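What follows is the content of my_file.cif, which has mmCIF, C-alpha atoms:
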```cif
data_input
#
loop_
_atom_site.label_atom_id
_atom_site.label_comp_id
_atom_site.auth_asym_id
_atom_site.auth_seq_id
_atom_site.Cartn_x
_atom_site.Cartn_y
_atom_site.Cartn_z
CA MET A 1 -29.53 -32.06 -51.92
CA ARG A 2 -27.90 -33.60 -54.96
CA GLN A 3 -24.56 -32.05 -54.01
CA VAL A 4 -24.90 -33.50 -50.53
CA ALA A 5 -25.58 -36.96 -51.99
CA TRP A 6 -22.50 -36.71 -54.21
CA ALA A 7 -20.42 -35.54 -51.25
CA VAL A 8 -21.53 -38.56 -49.24
CA VAL A 9 -20.78 -40.92 -52.14
CA SER A 10 -17.36 -39.32 -52.63
CA LEU A 11 -16.63 -39.59 -48.92
CA LEU A 12 -17.54 -43.26 -48.85
CA ALA A 13 -15.55 -43.90 -52.02
CA ALA A 14 -12.54 -42.25 -50.40
CA CYS A 15 -12.78 -44.77 -47.56
CA TYR A 16 -12.62 -47.64 -50.01
CA PRO A 17 -9.03 -48.64 -50.68
CA GLY A 18 -8.27 -49.42 -54.26
CA GLY A 19 -6.49 -52.51 -55.42
CA ALA A 20 -2.89 -52.75 -56.51
CA GLU A 21 -0.96 -49.50 -56.68
CA THR A 22 2.35 -50.83 -58.00
CA VAL A 23 3.25 -53.73 -60.24
CA GLY A 24 4.82 -55.37 -57.19
CA ASP A 25 1.37 -55.50 -55.56
CA LEU A 26 0.36 -57.95 -58.29
CA ASP A 27 3.23 -60.35 -57.67
CA SER A 28 2.29 -63.75 -56.34
CA VAL A 29 4.04 -67.00 -55.56
CA THR A 30 2.18 -70.29 -55.79
CA THR A 31 3.57 -73.57 -54.49
CA GLN A 32 2.17 -77.07 -54.56
CA HIS A 33 3.65 -80.32 -53.33
CA ASP A 34 3.04 -84.04 -53.25
CA GLN A 35 1.81 -84.84 -49.75
CA SER A 36 3.16 -88.39 -49.98
CA ALA A 37 6.66 -87.42 -51.12
CA SER A 38 9.59 -87.92 -48.78
CA PHE A 39 11.40 -84.58 -48.74
CA SER A 40 13.46 -85.34 -45.66
CA THR A 41 15.43 -88.04 -47.45
CA LEU A 42 16.48 -85.80 -50.35
CA ARG A 43 20.25 -85.41 -50.61
CA THR A 44 21.18 -84.40 -54.16
CA TYR A 45 19.74 -82.50 -57.08
CA ALA A 46 20.56 -81.65 -60.67
CA LEU A 47 19.93 -78.17 -62.07
CA PRO A 48 20.35 -77.31 -65.77
CA ASP A 49 22.34 -74.17 -66.59
CA SER A 50 19.57 -72.53 -68.59
CA ILE A 51 15.97 -71.47 -68.24
CA GLN A 52 13.62 -73.10 -70.68
CA GLU A 53 10.95 -71.02 -72.43
CA VAL A 54 7.46 -72.47 -72.43
CA SER A 55 4.32 -70.99 -73.89
CA SER A 56 1.21 -70.04 -71.99
CA GLY A 57 -2.11 -71.54 -72.98
CA ARG A 58 -3.54 -68.13 -73.87
CA GLY A 59 -2.25 -64.82 -75.17
CA ALA A 60 0.67 -64.00 -77.42
CA PRO A 61 4.18 -65.05 -76.36
CA LEU A 62 6.72 -62.29 -75.71
CA THR A 63 10.47 -62.43 -76.21
CA ILE A 64 12.36 -63.36 -73.04
CA ASP A 65 15.72 -61.79 -72.22
CA HIS A 66 18.02 -64.63 -71.11
CA SER A 67 20.90 -62.43 -70.01
CA TYR A 68 19.82 -62.84 -66.38
CA ASP A 69 19.38 -66.63 -66.44
CA ALA A 70 22.59 -67.31 -64.53
CA ARG A 71 21.64 -64.88 -61.77
CA ILE A 72 18.16 -66.36 -61.39
CA LEU A 73 19.45 -69.94 -61.43
CA ALA A 74 22.06 -69.00 -58.83
CA ARG A 75 19.23 -67.85 -56.58
CA VAL A 76 17.44 -71.17 -57.00
CA GLU A 77 20.70 -73.02 -56.32
CA SER A 78 21.46 -71.03 -53.16
CA ASN A 79 18.00 -71.80 -51.77
CA LEU A 80 18.39 -75.52 -52.53
CA ASN A 81 21.86 -75.55 -50.97
CA ALA A 82 20.45 -73.81 -47.90
CA LEU A 83 18.16 -76.82 -47.48
CA GLY A 84 21.24 -79.02 -47.19
CA LEU A 85 20.99 -80.45 -50.70
CA GLN A 86 24.03 -80.95 -52.89
CA ARG A 87 24.09 -80.12 -56.57
CA VAL A 88 25.53 -82.92 -58.72
CA ASP A 89 26.32 -83.32 -62.40
CA PRO A 90 23.75 -85.76 -63.83
CA ALA A 91 26.41 -86.99 -66.28
CA THR A 92 28.47 -88.40 -63.43
CA ALA A 93 25.97 -89.02 -60.63
CA THR A 94 22.31 -89.82 -60.29
CA PRO A 95 20.56 -87.07 -58.33
CA ASP A 96 17.55 -87.64 -56.14
CA VAL A 97 15.63 -84.92 -57.95
CA ASP A 98 15.88 -82.87 -61.10
CA VAL A 99 15.08 -79.20 -60.63
CA LEU A 100 13.91 -77.60 -63.86
CA VAL A 101 13.35 -73.88 -64.25
CA SER A 102 11.15 -72.53 -67.04
CA ALA A 103 9.65 -69.17 -67.90
CA THR A 104 6.73 -67.70 -69.81
CA ALA A 105 6.10 -64.14 -70.92
CA THR A 106 2.74 -63.43 -72.45
CA ARG A 107 0.75 -60.49 -73.71
CA TYR A 108 -2.96 -60.64 -72.97
CA VAL A 109 -5.27 -58.32 -74.91
CA GLU A 110 -8.92 -57.80 -74.05
CA TYR A 111 -11.26 -55.61 -76.04
CA VAL A 112 -14.03 -53.91 -74.07
CA SER A 113 -16.69 -51.23 -74.42
CA TYR A 114 -17.79 -48.79 -71.76
CA SER A 115 -21.15 -47.29 -70.92
CA PHE A 116 -21.49 -43.52 -70.55
CA TYR A 117 -21.67 -43.98 -66.77
CA ASP A 118 -18.32 -45.81 -66.78
CA LEU A 119 -16.77 -43.08 -68.91
CA TRP A 120 -18.06 -40.11 -66.88
CA PRO A 121 -20.09 -41.10 -63.78
CA GLY A 122 -20.98 -37.54 -62.77
CA GLY A 123 -22.55 -36.69 -66.09
CA PHE A 124 -21.29 -34.26 -68.72
CA ALA A 125 -22.92 -31.54 -70.79
CA GLY A 126 -26.44 -32.55 -69.85
CA TYR A 127 -25.92 -36.30 -70.33
CA ASP A 128 -26.06 -38.29 -67.12
CA GLY A 129 -25.21 -41.87 -66.26
CA SER A 130 -28.53 -43.17 -67.60
CA TRP A 131 -27.31 -42.62 -71.16
CA GLY A 132 -25.72 -45.40 -73.14
CA VAL A 133 -23.01 -45.23 -75.77
CA TYR A 134 -23.29 -47.13 -79.05
CA TYR A 135 -20.06 -48.16 -80.74
CA PRO A 136 -20.96 -49.01 -84.36
CA TYR A 137 -17.45 -50.36 -84.90
CA GLY A 138 -17.65 -52.82 -82.00
CA ALA A 139 -15.43 -52.79 -78.94
CA ALA A 140 -13.76 -49.46 -78.34
CA TYR A 141 -10.86 -50.04 -75.98
CA ALA A 142 -8.12 -52.62 -75.72
CA THR A 143 -6.73 -53.59 -72.33
CA VAL A 144 -3.18 -54.87 -72.69
CA LEU A 145 -1.42 -56.80 -69.96
CA ASP A 146 2.06 -58.28 -70.15
CA ALA A 147 2.53 -60.98 -67.54
CA GLY A 148 5.22 -63.49 -66.84
CA SER A 149 5.86 -66.59 -64.78
CA LEU A 150 8.95 -68.40 -63.59
CA ARG A 151 8.27 -72.01 -62.75
CA ILE A 152 10.43 -74.34 -60.71
CA GLU A 153 9.66 -78.04 -60.96
CA MET A 154 11.16 -80.66 -58.68
CA LEU A 155 10.97 -84.08 -60.33
CA ASP A 156 11.63 -87.15 -58.20
CA ARG A 157 14.12 -89.50 -59.85
CA ARG A 158 13.83 -92.00 -57.01
CA THR A 159 10.32 -92.92 -58.06
CA ALA A 160 10.85 -92.68 -61.82
CA ASP A 161 9.11 -95.54 -63.60
CA PRO A 162 11.05 -96.60 -66.74
CA SER A 163 8.22 -98.89 -67.87
CA THR A 164 5.73 -96.05 -68.11
CA LYS A 165 8.39 -93.35 -68.62
CA GLN A 166 6.78 -91.19 -65.95
CA LEU A 167 8.39 -88.81 -63.51
CA THR A 168 6.54 -87.46 -60.51
CA ALA A 169 6.62 -83.75 -59.76
CA ILE A 170 6.85 -83.51 -55.98
CA TRP A 171 7.13 -79.72 -55.73
CA THR A 172 6.21 -76.90 -58.06
CA ALA A 173 6.67 -73.20 -57.53
CA SER A 174 5.36 -70.47 -59.78
CA VAL A 175 6.53 -66.88 -59.42
CA ASP A 176 3.96 -64.77 -61.27
CA GLY A 177 3.64 -61.09 -61.96
CA VAL A 178 3.09 -58.24 -64.33
CA LEU A 179 6.03 -57.37 -66.57
CA GLY A 180 6.73 -53.75 -65.75
CA GLY A 181 9.47 -51.46 -64.49
CA SER A 182 13.17 -51.73 -65.20
CA THR A 183 14.85 -55.03 -65.96
CA GLU A 184 16.83 -54.80 -62.72
CA SER A 185 13.67 -54.32 -60.65
CA LEU A 186 12.04 -57.20 -62.50
CA VAL A 187 14.93 -59.53 -61.69
CA GLN A 188 14.85 -58.41 -58.06
CA ARG A 189 11.13 -59.22 -57.90
CA ILE A 190 11.84 -62.65 -59.39
CA GLU A 191 14.61 -63.27 -56.85
CA ALA A 192 12.33 -62.22 -53.99
CA GLY A 193 9.68 -64.57 -55.39
CA ILE A 194 12.14 -67.48 -55.51
CA ASP A 195 13.08 -66.86 -51.87
CA GLN A 196 9.39 -66.68 -50.94
CA ALA A 197 8.67 -69.99 -52.69
CA PHE A 198 11.14 -71.74 -50.39
CA VAL A 199 9.99 -69.81 -47.31
CA GLN A 200 6.39 -70.90 -47.78
CA SER A 201 7.44 -74.54 -48.32
CA PRO A 202 8.73 -75.53 -44.87
CA TYR A 203 8.32 -79.23 -45.69
CA LEU A 204 11.27 -79.13 -48.13
CA MET B 1 -51.93 -75.96 -39.35
CA ARG B 2 -48.68 -75.12 -41.07
CA SER B 3 -50.48 -73.56 -44.05
CA THR B 4 -52.61 -71.34 -41.83
CA ARG B 5 -49.67 -69.72 -40.06
CA PRO B 6 -48.64 -67.45 -42.95
CA LEU B 7 -52.27 -66.38 -43.33
CA LEU B 8 -52.51 -65.53 -39.64
CA ALA B 9 -49.25 -63.59 -39.80
CA PHE B 10 -50.42 -61.72 -42.87
CA ALA B 11 -53.75 -60.91 -41.26
CA LEU B 12 -51.90 -59.66 -38.22
CA LEU B 13 -49.64 -57.44 -40.27
CA ALA B 14 -52.41 -56.19 -42.46
CA SER B 15 -54.68 -55.21 -39.63
CA SER B 16 -55.21 -51.49 -39.48
CA ALA B 17 -54.01 -51.40 -35.89
CA ALA B 18 -50.67 -52.94 -36.74
CA LEU B 19 -50.13 -50.79 -39.79
CA ALA B 20 -51.03 -47.71 -37.83
CA GLN B 21 -48.18 -48.36 -35.39
CA SER B 22 -45.62 -49.35 -37.99
CA HIS B 23 -42.55 -47.39 -38.81
CA VAL B 24 -39.54 -47.69 -41.05
CA ARG B 25 -35.91 -47.06 -40.16
CA LEU B 26 -33.23 -46.33 -42.71
CA SER B 27 -29.65 -46.07 -41.51
CA TYR B 28 -26.06 -45.67 -42.55
CA GLU B 29 -23.88 -48.20 -40.75
CA PHE B 30 -20.29 -48.85 -39.95
CA ALA B 31 -19.18 -52.19 -38.62
CA VAL B 32 -16.39 -53.69 -36.55
CA PRO B 33 -15.43 -57.29 -37.31
CA ARG B 34 -14.89 -59.76 -34.48
CA GLY B 35 -13.79 -63.39 -34.16
CA GLU B 36 -13.23 -65.29 -37.39
CA THR B 37 -14.47 -62.32 -39.39
CA LYS B 38 -11.72 -60.21 -37.86
CA GLU B 39 -9.17 -62.87 -38.76
CA TYR B 40 -10.30 -62.61 -42.36
CA ILE B 41 -10.56 -58.80 -42.45
CA ASP B 42 -9.00 -56.87 -39.59
CA ARG B 43 -10.39 -53.49 -40.54
CA PHE B 44 -13.63 -51.72 -39.70
CA SER B 45 -16.21 -51.19 -42.42
CA SER B 46 -17.32 -47.68 -43.27
CA ARG B 47 -19.79 -48.81 -45.87
CA GLY B 48 -23.08 -50.22 -44.80
CA ALA B 49 -26.79 -49.58 -44.65
CA HIS B 50 -29.83 -51.09 -43.05
CA LEU B 51 -33.54 -50.94 -43.74
CA ASP B 52 -35.84 -52.02 -40.94
CA ALA B 53 -39.61 -52.19 -40.93
CA SER B 54 -41.26 -52.41 -37.53
CA PHE B 55 -44.90 -53.43 -36.94
CA GLU B 56 -46.46 -53.03 -33.51
CA LEU B 57 -48.25 -56.27 -32.68
CA SER B 58 -49.31 -55.18 -29.20
CA TYR B 59 -48.37 -52.24 -27.06
CA ALA B 60 -44.57 -51.78 -27.26
CA PHE B 61 -44.12 -55.22 -28.82
CA ASN B 62 -43.06 -55.08 -32.45
CA LEU B 63 -42.40 -57.47 -35.29
CA GLU B 64 -39.20 -56.47 -37.06
CA LEU B 65 -38.17 -57.12 -40.66
CA SER B 66 -34.61 -56.21 -41.46
CA ALA B 67 -32.36 -56.12 -44.51
CA GLY B 68 -28.87 -54.73 -44.72
CA LEU B 69 -25.53 -54.58 -46.41
CA ASN B 70 -22.11 -54.37 -44.81
CA SER B 71 -19.01 -54.19 -46.99
CA PHE B 72 -15.59 -54.90 -45.52
CA ASN B 73 -12.25 -54.69 -47.24
CA ALA B 74 -8.60 -54.78 -46.28
CA ALA B 75 -5.19 -55.51 -47.71
CA LYS B 76 -3.10 -58.24 -46.13
CA GLN B 77 0.26 -59.80 -46.86
CA GLY B 78 0.52 -63.51 -46.33
CA VAL B 79 0.05 -67.02 -47.63
CA LEU B 80 -3.37 -68.20 -48.73
CA THR B 81 -4.04 -71.92 -48.84
CA THR B 82 -6.69 -72.63 -51.44
CA THR B 83 -9.27 -75.40 -51.32
CA ASP B 84 -7.32 -77.33 -53.97
CA GLY B 85 -4.13 -77.36 -51.91
CA GLN B 86 -2.18 -74.47 -53.40
CA ASP B 87 -0.20 -72.12 -51.17
CA VAL B 88 -0.35 -68.67 -52.73
CA SER B 89 1.54 -65.70 -51.29
CA GLY B 90 1.46 -62.04 -52.17
CA LYS B 91 -0.50 -58.95 -51.32
CA GLN B 92 -4.08 -60.00 -50.73
CA PHE B 93 -6.89 -57.53 -51.34
CA ARG B 94 -9.69 -58.99 -49.27
CA TYR B 95 -13.35 -58.13 -49.63
CA LEU B 96 -16.36 -59.29 -47.66
CA ASN B 97 -19.90 -58.28 -48.53
CA VAL B 98 -22.59 -59.37 -46.10
CA ILE B 99 -26.31 -59.15 -46.86
CA PRO B 100 -28.26 -60.03 -43.70
CA LEU B 101 -31.98 -60.72 -44.11
CA MET B 102 -33.64 -61.05 -40.72
CA ALA B 103 -36.94 -61.05 -38.87
CA GLY B 104 -37.62 -60.90 -35.17
CA PHE B 105 -39.23 -59.09 -32.30
CA ALA B 106 -38.40 -55.98 -30.32
CA PHE B 107 -39.73 -54.03 -27.40
CA HIS B 108 -40.16 -50.33 -28.14
CA VAL B 109 -40.51 -47.99 -25.18
CA PRO B 110 -41.99 -44.59 -26.12
CA LEU B 111 -40.35 -41.60 -24.45
CA GLY B 112 -42.70 -38.95 -25.75
CA HIS B 113 -42.37 -36.36 -28.49
CA GLY B 114 -41.61 -39.08 -31.04
CA SER B 115 -38.63 -40.38 -29.11
CA ARG B 116 -38.21 -44.01 -28.13
CA ILE B 117 -35.73 -46.70 -27.13
CA TRP B 118 -35.88 -50.29 -28.23
CA ALA B 119 -34.21 -53.65 -27.86
CA GLY B 120 -34.84 -56.88 -29.69
CA VAL B 121 -33.51 -59.97 -31.39
CA ASN B 122 -33.72 -60.89 -35.04
CA GLY B 123 -32.99 -64.23 -36.60
CA GLY B 124 -32.42 -65.26 -40.17
CA ALA B 125 -29.60 -65.65 -42.62
CA ALA B 126 -26.97 -63.64 -44.38
CA TYR B 127 -25.22 -64.08 -47.68
CA PHE B 128 -21.46 -63.85 -47.20
CA ASP B 129 -19.53 -63.07 -50.35
CA ARG B 130 -15.79 -63.41 -49.77
CA VAL B 131 -13.39 -62.34 -52.50
CA ILE B 132 -9.60 -62.25 -52.41
CA ASP B 133 -7.69 -60.59 -55.24
CA LEU B 134 -4.17 -61.98 -55.14
CA GLY B 135 -1.75 -61.35 -57.96
CA LEU B 136 -3.62 -61.73 -61.21
CA ASN B 137 -6.11 -64.18 -59.75
CA GLU B 138 -9.34 -63.93 -57.81
CA TYR B 139 -10.44 -66.42 -55.18
CA THR B 140 -14.04 -66.51 -54.02
CA LEU B 141 -15.98 -68.34 -51.35
CA SER B 142 -19.61 -67.45 -50.86
CA ASP B 143 -22.60 -68.97 -49.11
CA TRP B 144 -25.57 -68.33 -46.84
CA GLN B 145 -25.09 -68.67 -43.09
CA TRP B 146 -27.75 -68.75 -40.41
CA GLY B 147 -27.50 -66.22 -37.63
CA VAL B 148 -28.95 -63.98 -34.95
CA GLN B 149 -28.93 -60.23 -34.56
CA PRO B 150 -29.60 -58.73 -31.12
CA HIS B 151 -30.06 -55.00 -31.45
CA VAL B 152 -30.74 -51.87 -29.41
CA GLY B 153 -31.54 -48.33 -30.44
CA ILE B 154 -32.63 -44.89 -29.36
CA ALA B 155 -34.55 -42.36 -31.42
CA PHE B 156 -35.05 -38.64 -30.88
CA GLY B 157 -38.18 -37.12 -32.35
CA LEU B 158 -37.62 -34.35 -34.87
CA GLY B 159 -41.17 -33.10 -35.22
CA ALA B 160 -44.83 -33.86 -35.18
CA ASP B 161 -44.75 -35.93 -38.36
CA GLY B 162 -43.14 -38.87 -36.54
CA THR B 163 -39.73 -38.53 -38.10
CA ALA B 164 -36.89 -39.18 -35.68
CA LEU B 165 -33.13 -39.32 -35.69
CA PHE B 166 -31.93 -42.62 -34.32
CA PHE B 167 -28.78 -44.47 -33.34
CA ASP B 168 -28.64 -48.23 -33.10
CA GLY B 169 -26.21 -51.02 -32.49
CA ARG B 170 -26.29 -54.68 -33.48
CA TRP B 171 -24.27 -57.77 -32.76
CA GLN B 172 -24.45 -59.97 -35.80
CA TYR B 173 -23.47 -63.59 -35.26
CA PHE B 174 -23.69 -66.34 -37.88
CA TRP B 175 -23.07 -70.03 -37.29
CA GLU B 176 -20.61 -72.23 -39.13
CA ARG B 177 -22.10 -73.76 -42.25
CA HIS B 178 -20.70 -75.96 -45.03
CA GLY B 179 -17.25 -75.71 -43.51
CA LEU B 180 -17.31 -71.92 -43.48
CA PRO B 181 -16.32 -70.61 -40.05
CA PRO B 182 -18.72 -68.70 -37.80
CA GLN B 183 -18.87 -64.99 -38.52
CA GLN B 184 -19.57 -62.07 -36.24
CA TYR B 185 -19.35 -58.32 -36.19
CA PHE B 186 -20.79 -55.33 -34.41
CA SER B 187 -22.54 -52.70 -36.48
CA PHE B 188 -23.51 -49.21 -35.46
CA GLY B 189 -26.01 -47.13 -37.39
CA VAL B 190 -27.31 -43.61 -37.57
CA GLY B 191 -30.40 -42.83 -39.56
CA LEU B 192 -33.92 -41.62 -39.79
CA LEU B 193 -37.07 -43.24 -38.45
CA PHE B 194 -40.21 -42.53 -40.44
CA GLY B 195 -43.81 -42.92 -39.28
CA GLY B 196 -43.11 -43.26 -35.58
CA GLY B 197 -45.41 -40.45 -34.56
CA SER B 198 -48.65 -42.11 -35.61
CA ALA B 199 -48.71 -44.45 -32.64
CA LYS B 200 -51.93 -43.91 -30.73
CA HIS B 201 -50.28 -44.86 -27.40
CA ARG B 202 -48.02 -41.80 -27.40
#
```
Would you mind writing the file's structure down as structure tokens?
Amino acid sequence: MRQVAWAVVSLLAACYPGGAETVGDLDSVTTQHDQSASFSTLRTYALPDSIQEVSSGRGAPLTIDHSYDARILARVESNLNALGLQRVDPATATPDVDVLVSATATRYVEYVSYSFYDLWPGGFAGYDGSWGVYYPYGAAYATVLDAGSLRIEMLDRRTADPSTKQLTAIWTASVDGVLGGSTESLVQRIEAGIDQAFVQSPYL
Amino acid sequence: MRSTRPLLAFALLASSAALAQSHVRLSYEFAVPRGETKEYIDRFSSRGAHLDASFELSYAFNLELSAGLNSFNAAKQGVLTTTDGQDVSGKQFRYLNVIPLMAGFAFHVPLGHGSRIWAGVNGGAAYFDRVIDLGLNEYTLSDWQWGVQPHVGIAFGLGADGTALFFDGRWQYFWERHGLPPQQYFSFGVGLLFGGGSAKHR
């Protein structure tokens, strides 16, 4: 009877799809925009030639390889140009918006302990899932996750207030994911994320 | 008057006659989402269970108490607009756990040898727990929703002890509440009925 119960549980578990299977499954693109901003009147933009590193609020910062900055910025530029916007040099012309690109790479570490059931649900050597495990030295396992984000900010110069020195961000995109795989595949995922950010922002 | 109703109901349930006709049904269920539920998760659920207790109030007329669990899940690619105005795209791993808690009435028609057919309607509420894993984030939206649960079933007696093998089907519909859309799904169960043979009318 017990074997039958386990067979049923295993069968049901087999029907339950797991979560992410590849690092790409954990990629996400988040966009936000100012509902009151006038995007249709945008004509020009300025885009710095480098990607700024910013730190995340939590975790330990990782070193960022900047050898692909030009390629990533070119992808941002091509999407902006496809909207009909013209890139200008802020030293010679005043753009409607500044487009700033920044990146974070962070290592998150979480220490956890597992019960005997979590370690070996079917039981082992006479010990079943009702047993606990005591770790006299505290947490036993460390979960390490390296994650990164590429952020694109669109700051409206037309509404800049010199008296309060405040710029308004009218569009923000964040391409987020787990840092894994080859550098080339990582850059391709970032490029796909940049394209997606513009695709899911039809108001631009 | 209001305070006496629970006492009357309890007395009714506790009467030896009612208890003598009572039976319990335990079933494994799969479910097929419809309507707004299907828009959220377009995939049938293979994980579910129901526990029903049935008390015969008069001949063939039963009070039903019902509790269940139906778990749906599916992966979907698309853009999710959150309640705080973010548009988030990526592969969404969607989960929906429904815990319906119902009570109602049903007509049970005995067929002899512990077999029977029945049809009834339950009413009550269900707790809908919606979870979307997207990227490294989790988005949740959960609440109770009121609903109805028409159901039919057929049982085949397995022996003199009143145990029977049964199949049932339910339409579970829950009204919009707190801005959450109406939910509905069909569920189909197979299970065992216990205690059905003690009915003195058979």
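With distances taken over all atoms listed in the file, B:Asp87 is the one residue among B:Asp87, B:Glu64, B:Glu138, B:Asp129 lying closest to Gln200 of chain A.
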Residues of chain B within 7 Å of chain A, only C-alpha atoms counted, as a count of residues only: 13
Written as a ChimeraX atom specification, which residues does the PyMOL selection byres ((chain A and resi 129-135) around 9) give for the file shown? /A:113-124,127-128,136-140
Which residues match the PyMOL selection byres ((chain A and resi 167) around 7) in the file above, as a PyMOL selection string? chain A and resi 155-157+160-161+165-166+168-169
Using only C-alpha atoms, the residue out of B:Ala31, B:Leu193, B:Leu158, B:Val24 with shortest distance to Leu65 of chain B is B:Val24
Selection under test: the PyMOL selection byres ((chain A and resi 73-78) around 10); residues as a VMD selection string: chain A and resid 45 to 51 68 to 72 79 to 87 99 to 101 152 190 to 192 194 to 195 197 to 198
Point-to-point distance from atom CA of Phe61 of chain B to atom CA of Phe107 of chain B, Å rounded to tenths: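 Computing the Euclidean distance for atom CA of Phe61 of chain B and atom CA of Phe107 of chain B yields 4.8 Å.
Interatomic distance, atom CA of Val32 of chain B to atom CA of Leu80 of chain B: 23.0 Å.
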Atom CA of Tyr203 of chain A to atom CA of Tyr40 of chain B, distance in Å rounded to a single decimal: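 Atom-to-atom, atom CA of Tyr203 of chain A and atom CA of Tyr40 of chain B are spaced 25.2 Å apart.
Remark: for Met102 of chain B, the closest of the candidate residues B:Tyr173, B:Phe156, B:Phe167, B:Phe44 is B:Tyr173 (distances computed over only C-alpha atoms).
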Shell around Tyr28 of chain B at 8 Å using all atoms listed in the file, local window under 2 positions removed, as a ChimeraX atom specification: /B:26,30,47-50,189-191
Which is closer to Leu165 of chain B than all the others in B:Thr37, B:Ser27, B:Ser66, B:Ser22, using all atoms listed in the file? B:Ser27
Go through B:Ala75, B:Ala160, B:Ile132, B:Leu51 one by one, measure the shortest atom-to-atom distance of each to Gly112 of chain B using all atoms listed in the file, and give the residue with the smallest value. B:Ala160
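If you measure from each of B:Tyr139, B:Phe194, B:Tyr95, B:Phe186 to Gln172 of chain B using only C-alpha atoms, the closest one turns out to be B:Phe186.
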Quick one: residues within 10 Å of (-1.9, -67.8, -72.5) (file frame), counting only C-alpha atoms, please, as a list in words.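 Those residues, ordered by chain and then number, are Ser55, Ser56, Gly57, Arg58, Gly59, Ala60, Pro61, Thr104, Ala105, Thr106, Arg107, Tyr108 and Ala147 of chain A.
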